[in-house]
Amino acid sequence: MSTAIMDHEVLTNAKWIEARKELLKKEKELTRQREEVSRLRRELPWEKVEKNYVFDGPCGKETLSDLFGTNSQLIVYHFMFGPEWSEGCPFCSFRADGMDGAEIHLRNHDVTLLAVSRAPYAKIAAFKERMGWKFKWVSSLGSDFNFDYHVSFQKPGQGSADEHARAEGQIEYNYGTMPFFSEEMPGTSVFYKDENGDVFHTYSSYARGGEEQLIAYSYLDLTPKGRNETGPRRDLTGWVKHHDTYETPAAGSCCGGH
Amino acid sequence: MQNAVVSRSEWLKARKDLLAKEKDLTRQKDALNRERLSLPWVKVEKEYVFEGSQGSTSLADLFGSKDQLLIYHFMFGPEWEQGCQSCSMAADSINANLVHLNARDIALAVVSRAPLAKIEAFRGRMGWSFPWFSAFANEFNQDFGVSFTPEQRAGKGYYNFGTGQHPSEEAPGVSAFYKNGAGDVFHTYSSYARGVEGLLGVYSLIDLAPNGRNEDALVYPMAWVRHHDRYQTA
């Protein structure tokens with residue numbers, strides 16, 4: 001326990017409310033700014049998807065257009081799960097835990113939410129069953145989809161699958177350049193399908209751009225210790241595990257989460 | 001609907017402009033999170049007794065073996081037949097997040113004013129297993145600003161730290177508590193109204209979609225939300 005938390009200032013309720021209202025003003029201001037950024041996001045131009053991507057999933061082969069189902073909007077979570085990997089990324093799994101409960105609500109509000117990985121579908125299906133998730137998850141193995149949307153990368157020395165010129169060992173990620181880190185990186189891409197069946201790419205985000213979808217963070221940020229990330233990288237890699245590999249299982253309906 | 005359709009290079013330019021604003025927002029959120037951590041606390045002096053599936057329990061007991069406790073104030077009034085739809089949407093993400101929060105030394109409990117029997121029946125219907133307690137017999141909900149008397153509701157400024165009203169006797173919120181080594185419990189934080197929006201995983205996704213929330217034509221913003229077993233395509 002840190003000294004800071006033991007010596008924390010304690011006030012009367014009336015004094016506390018004064019301090020809390022000051023913070024509330026700033027929280028409301030941030031909510032407004034967030035709305036403004038969301039508004040600007042909706043005004044982004046689109047790019048037409050000209051390539052025919054084919055995915056493999058529970059319904060067999062499906063095109064990007066097929067993946068919309070009956071909705072006009074599609075959110076793809078680029079789940080890090082490489083073709084040679086034995087399981088999906090634990091941090092993407094952390095995100096998927098929060099996303100699974102949201103999917104049915106989105107599906108009923110004209111948004112199809114699903115995950116796409118490069119792992120072969122058999123691996124995806126087995127891992128999904130282990131994790132107990134309901135959302136749809138398809139494989140993009142054999143298509144350029146993951147490379148075109150900048151979430152899969154060739155290892156240095158294996159040639160470039162990227163049409164853009166770049167130094168060996170550098171990748172184009174999050175609209176910039178960085179050293180190669182992993183064959184798979186996280187991201188989210190959004191698509192729109194019009195009445196003619198044309199598909200448009202409307203948005204992609206990467207890196208901390210996906211942090212809002214880590215719903216557990218929204219809870220952590222409200223606790224007295226905050227994110228409390230003390231690992232070497234000071235981020236979720238210091239503590240997050242697959243939900244079935246923590247030493248203490250999830251609290252059930254017993255008192256207080258023993 | 002149709003936005004301007006542009007080339008890849010033009011799209012990238014527009015996207016990078018937005019990215020700068022998104023990064024700025026992330027930094028501001030980081031700063032606000034730091035400020036939240038330095039908020040003073042209030043010692044909880046009152047004894048609250050809740051009813052849960054294992055019997056009566058105190059606020060201190062809700063921590064279990066953890067030293068931090070989050071309470072999601074779920075709108076479910078004593079006379080109601082079922083819990084609120086929007087709170088149910090938030091709750092749909094709670095079960096899966098619980099194991100991660102527990103791993104961070106955080107207990108999470110859901111509290112409502114409905115009697116325990118109603119809570120248990122509804123929780124069974126929804127297929128949730130998170131800890132959910134009834135505050136029916138105590139003043140917890142009133143003290144933490146999420147249940148209101150008709151007299152309160154006749155006035156103004158009784159919700160969200162005196163800044164607003166709410167169209168129901170029950171309101172949504174989240175509260176955070178800390179328990180020290182001596183067993184003293186402190187109230188560290190509460191948030192209400194749109195302050196709980198971040199807990200709705202749905203909005204963090206829907207805000208990325210081309211139509212956004214698309215709620216302007218509705219009677220109230222979340223009028224499209226149903227219990228997860230009540231959608232036609234469920």
# chains A, B, ... in the order shown; residues from 1 in each chain; ligands from 1

$ residues_around --residues "segment 50-59 of chain A" --least-positions-apart "4" --cutoff "7 Å" --atoms "only C-alpha atoms" --output "MDAnalysis selection string"
chainID A and resid 63:64 121 137:140 143 145

$ residues_around --residues "segment 102-105 of chain B" --least-positions-apart "4" --cutoff "7 Å" --atoms "only C-alpha atoms" --output "list in words"
Ala250 of chain A; Lys66, Asp67, Gln68 and Leu98 of chain B

$ residues_around --residues "Ala171 of chain B" --least-positions-apart "5" --cutoff "10 Å" --atoms "only C-alpha atoms" --output "list in words"
His73, Phe74, Met75, Phe76, Gly77, Cys84, Cys87, Asn141, Gly145, Val146, Ser147, Phe148, Tyr159, Asn160, Gln165, His166, Tyr192 and Ala193 of chain B

$ closest_residue --among "B:Asp30, B:Gln54, B:Ala90, B:Pro210" --to "Pro45 of chain A" --atoms "only C-alpha atoms"
B:Pro210

$ atom_distance --atom1 "atom CA of Pro156 of chain A" --atom2 "atom CA of Met178 of chain A"
12.5 Å

$ atom_distance --atom1 "atom CA of Ile75 of chain A" --atom2 "atom CA of Leu32 of chain B"
28.5 Å

$ residues_around --residues "Thr149 of chain B" --least-positions-apart "2" --cutoff "10 Å" --atoms "only C-alpha atoms" --output "short mmCIF file (atom, residue, chain, number, x, y, z; two decimals) with C-alpha atoms, in the first residue's frame"
data_model
loop_
_atom_site.label_atom_id
_atom_site.label_comp_id
_atom_site.auth_asym_id
_atom_site.auth_seq_id
_atom_site.Cartn_x
_atom_site.Cartn_y
_atom_site.Cartn_z
CA GLN B 142 -30.94 8.13 -0.35
CA SER B 147 -33.25 7.31 -4.66
CA GLU B 151 -40.89 15.84 -1.88
CA GLN B 152 -37.33 15.87 -3.20
CA ARG B 153 -38.55 15.30 -6.71
CA ALA B 154 -40.96 18.25 -6.42
CA SER B 168 -37.74 8.69 -11.76
CA GLU B 169 -37.63 7.86 -8.06
CA GLU B 170 -34.47 5.84 -8.77
#

$ closest_residue --among "B:Gly195, B:Ala114, B:Gly162, B:Asn3" --to "Glu29 of chain A" --atoms "only C-alpha atoms"
B:Gly195

$ closest_residue --among "A:Thr237, A:Gln213, A:Ser189, A:Asn174" --to "chain B" --atoms "only C-alpha atoms"
A:Gln213

$ atom_distance --atom1 "atom CA of Thr31 of chain A" --atom2 "atom CA of Ile215 of chain A"
16.6 Å

$ select_by_dssp --residues "chain B" --states "strand (DSSP E)" --output "JSON list (two decimals) with N, CA and C atoms, in the first residue's frame"
[["chain", "number", "residue", "atom", "x", "y", "z"],
["B", 41, "TRP", "N", -11.44, 12.23, 0.71],
["B", 41, "TRP", "CA", -12.41, 11.18, 1.02],
["B", 41, "TRP", "C", -13.30, 11.63, 2.18],
["B", 42, "VAL", "N", -14.38, 10.88, 2.39],
["B", 42, "VAL", "CA", -15.27, 11.10, 3.54],
["B", 42, "VAL", "C", -15.39, 9.78, 4.30],
["B", 43, "LYS", "N", -15.21, 9.83, 5.60],
["B", 43, "LYS", "CA", -15.35, 8.60, 6.38],
["B", 43, "LYS", "C", -16.83, 8.23, 6.46],
["B", 49, "VAL", "N", -26.88, -1.94, 6.48],
["B", 49, "VAL", "CA", -27.04, -3.40, 6.39],
["B", 49, "VAL", "C", -27.79, -3.72, 5.10],
["B", 50, "PHE", "N", -27.19, -4.56, 4.27],
["B", 50, "PHE", "CA", -27.78, -4.96, 2.99],
["B", 50, "PHE", "C", -28.23, -6.41, 3.07],
["B", 51, "GLU", "N", -29.20, -6.74, 2.23],
["B", 51, "GLU", "CA", -29.61, -8.14, 2.12],
["B", 51, "GLU", "C", -29.03, -8.72, 0.83],
["B", 52, "GLY", "N", -28.36, -9.85, 0.98],
["B", 52, "GLY", "CA", -27.80, -10.52, -0.20],
["B", 52, "GLY", "C", -28.15, -11.99, -0.16],
["B", 55, "GLY", "N", -27.42, -13.67, 3.03],
["B", 55, "GLY", "CA", -27.96, -13.08, 4.25],
["B", 55, "GLY", "C", -27.58, -11.62, 4.39],
["B", 56, "SER", "N", -27.68, -11.10, 5.65],
["B", 56, "SER", "CA", -27.41, -9.68, 5.89],
["B", 56, "SER", "C", -25.90, -9.42, 5.88],
["B", 57, "THR", "N", -25.55, -8.25, 5.38],
["B", 57, "THR", "CA", -24.13, -7.93, 5.29],
["B", 57, "THR", "C", -23.93, -6.42, 5.43],
["B", 58, "SER", "N", -22.79, -6.03, 5.98],
["B", 58, "SER", "CA", -22.50, -4.60, 6.16],
["B", 58, "SER", "C", -21.76, -4.07, 4.94],
["B", 68, "GLN", "N", -10.64, -2.07, -2.05],
["B", 68, "GLN", "CA", -11.41, -1.10, -2.82],
["B", 68, "GLN", "C", -12.75, -1.73, -3.22],
["B", 69, "LEU", "N", -13.78, -0.90, -3.21],
["B", 69, "LEU", "CA", -15.13, -1.40, -3.53],
["B", 69, "LEU", "C", -15.81, -0.41, -4.49],
["B", 70, "LEU", "N", -16.34, -0.95, -5.56],
["B", 70, "LEU", "CA", -17.18, -0.15, -6.45],
["B", 70, "LEU", "C", -18.61, -0.62, -6.31],
["B", 71, "ILE", "N", -19.52, 0.32, -6.19],
["B", 71, "ILE", "CA", -20.94, -0.06, -6.16],
["B", 71, "ILE", "C", -21.64, 0.55, -7.35],
["B", 72, "TYR", "N", -22.26, -0.31, -8.15],
["B", 72, "TYR", "CA", -23.08, 0.18, -9.25],
["B", 72, "TYR", "C", -24.51, 0.31, -8.73],
["B", 73, "HIS", "N", -25.02, 1.55, -8.74],
["B", 73, "HIS", "CA", -26.38, 1.82, -8.25],
["B", 73, "HIS", "C", -27.36, 1.49, -9.38],
["B", 106, "ILE", "N", -10.08, -5.10, -6.44],
["B", 106, "ILE", "CA", -11.32, -4.33, -6.39],
["B", 106, "ILE", "C", -12.51, -5.28, -6.31],
["B", 107, "ALA", "N", -13.37, -5.06, -5.31],
["B", 107, "ALA", "CA", -14.64, -5.78, -5.26],
["B", 107, "ALA", "C", -15.67, -4.91, -5.96],
["B", 108, "LEU", "N", -16.62, -5.55, -6.64],
["B", 108, "LEU", "CA", -17.69, -4.79, -7.27],
["B", 108, "LEU", "C", -19.02, -5.41, -6.85],
["B", 109, "ALA", "N", -19.92, -4.57, -6.37],
["B", 109, "ALA", "CA", -21.25, -5.05, -6.01],
["B", 109, "ALA", "C", -22.28, -4.15, -6.67],
["B", 110, "VAL", "N", -23.42, -4.73, -6.98],
["B", 110, "VAL", "CA", -24.54, -3.97, -7.51],
["B", 110, "VAL", "C", -25.54, -3.82, -6.37],
["B", 111, "VAL", "N", -26.12, -2.63, -6.22],
["B", 111, "VAL", "CA", -27.08, -2.38, -5.13],
["B", 111, "VAL", "C", -28.32, -1.72, -5.70],
["B", 112, "SER", "N", -29.49, -2.21, -5.25],
["B", 112, "SER", "CA", -30.77, -1.63, -5.65],
["B", 112, "SER", "C", -31.69, -1.58, -4.44],
["B", 132, "TRP", "N", -25.23, -8.90, -6.00],
["B", 132, "TRP", "CA", -26.27, -7.86, -6.10],
["B", 132, "TRP", "C", -27.04, -7.84, -4.78],
["B", 133, "PHE", "N", -27.07, -6.69, -4.15],
["B", 133, "PHE", "CA", -27.64, -6.56, -2.80],
["B", 133, "PHE", "C", -28.82, -5.60, -2.78],
["B", 134, "SER", "N", -29.72, -5.87, -1.83],
["B", 134, "SER", "CA", -30.87, -4.99, -1.65],
["B", 134, "SER", "C", -30.59, -3.98, -0.53],
["B", 173, "GLY", "N", -26.05, 5.56, -10.94],
["B", 173, "GLY", "CA", -24.82, 6.12, -10.39],
["B", 173, "GLY", "C", -23.82, 5.04, -10.09],
["B", 174, "VAL", "N", -22.62, 5.47, -9.75],
["B", 174, "VAL", "CA", -21.58, 4.54, -9.32],
["B", 174, "VAL", "C", -20.85, 5.21, -8.16],
["B", 175, "SER", "N", -20.52, 4.42, -7.12],
["B", 175, "SER", "CA", -19.81, 4.97, -5.97],
["B", 175, "SER", "C", -18.60, 4.10, -5.68],
["B", 176, "ALA", "N", -17.53, 4.75, -5.17],
["B", 176, "ALA", "CA", -16.30, 4.03, -4.86],
["B", 176, "ALA", "C", -15.95, 4.21, -3.39],
["B", 177, "PHE", "N", -15.42, 3.15, -2.78],
["B", 177, "PHE", "CA", -15.09, 3.17, -1.35],
["B", 177, "PHE", "C", -13.73, 2.55, -1.13],
["B", 178, "TYR", "N", -13.11, 2.94, -0.03],
["B", 178, "TYR", "CA", -11.81, 2.37, 0.36],
["B", 178, "TYR", "C", -11.90, 1.91, 1.81],
["B", 179, "LYS", "N", -11.32, 0.76, 2.11],
["B", 179, "LYS", "CA", -11.29, 0.25, 3.49],
["B", 179, "LYS", "C", -9.84, 0.16, 3.93],
["B", 185, "VAL", "N", -14.11, 2.58, 6.70],
["B", 185, "VAL", "CA", -14.53, 2.67, 5.30],
["B", 185, "VAL", "C", -14.65, 4.15, 4.90],
["B", 186, "PHE", "N", -14.12, 4.48, 3.74],
["B", 186, "PHE", "CA", -14.18, 5.85, 3.24],
["B", 186, "PHE", "C", -14.90, 5.88, 1.90],
["B", 187, "HIS", "N", -15.73, 6.90, 1.73],
["B", 187, "HIS", "CA", -16.37, 7.15, 0.44],
["B", 187, "HIS", "C", -15.40, 8.01, -0.37],
["B", 188, "THR", "N", -14.95, 7.50, -1.51],
["B", 188, "THR", "CA", -13.92, 8.22, -2.26],
["B", 188, "THR", "C", -14.47, 8.93, -3.50],
["B", 189, "TYR", "N", -15.60, 8.43, -4.03],
["B", 189, "TYR", "CA", -16.06, 8.98, -5.31],
["B", 189, "TYR", "C", -17.48, 8.53, -5.59],
["B", 190, "SER", "N", -18.25, 9.40, -6.21],
["B", 190, "SER", "CA", -19.52, 8.98, -6.81],
["B", 190, "SER", "C", -19.70, 9.74, -8.11],
["B", 191, "SER", "N", -20.42, 9.14, -9.02],
["B", 191, "SER", "CA", -20.69, 9.78, -10.30],
["B", 191, "SER", "C", -22.11, 9.42, -10.71],
["B", 192, "TYR", "N", -22.78, 10.33, -11.38],
["B", 192, "TYR", "CA", -24.20, 10.14, -11.73],
["B", 192, "TYR", "C", -24.44, 10.58, -13.17]]
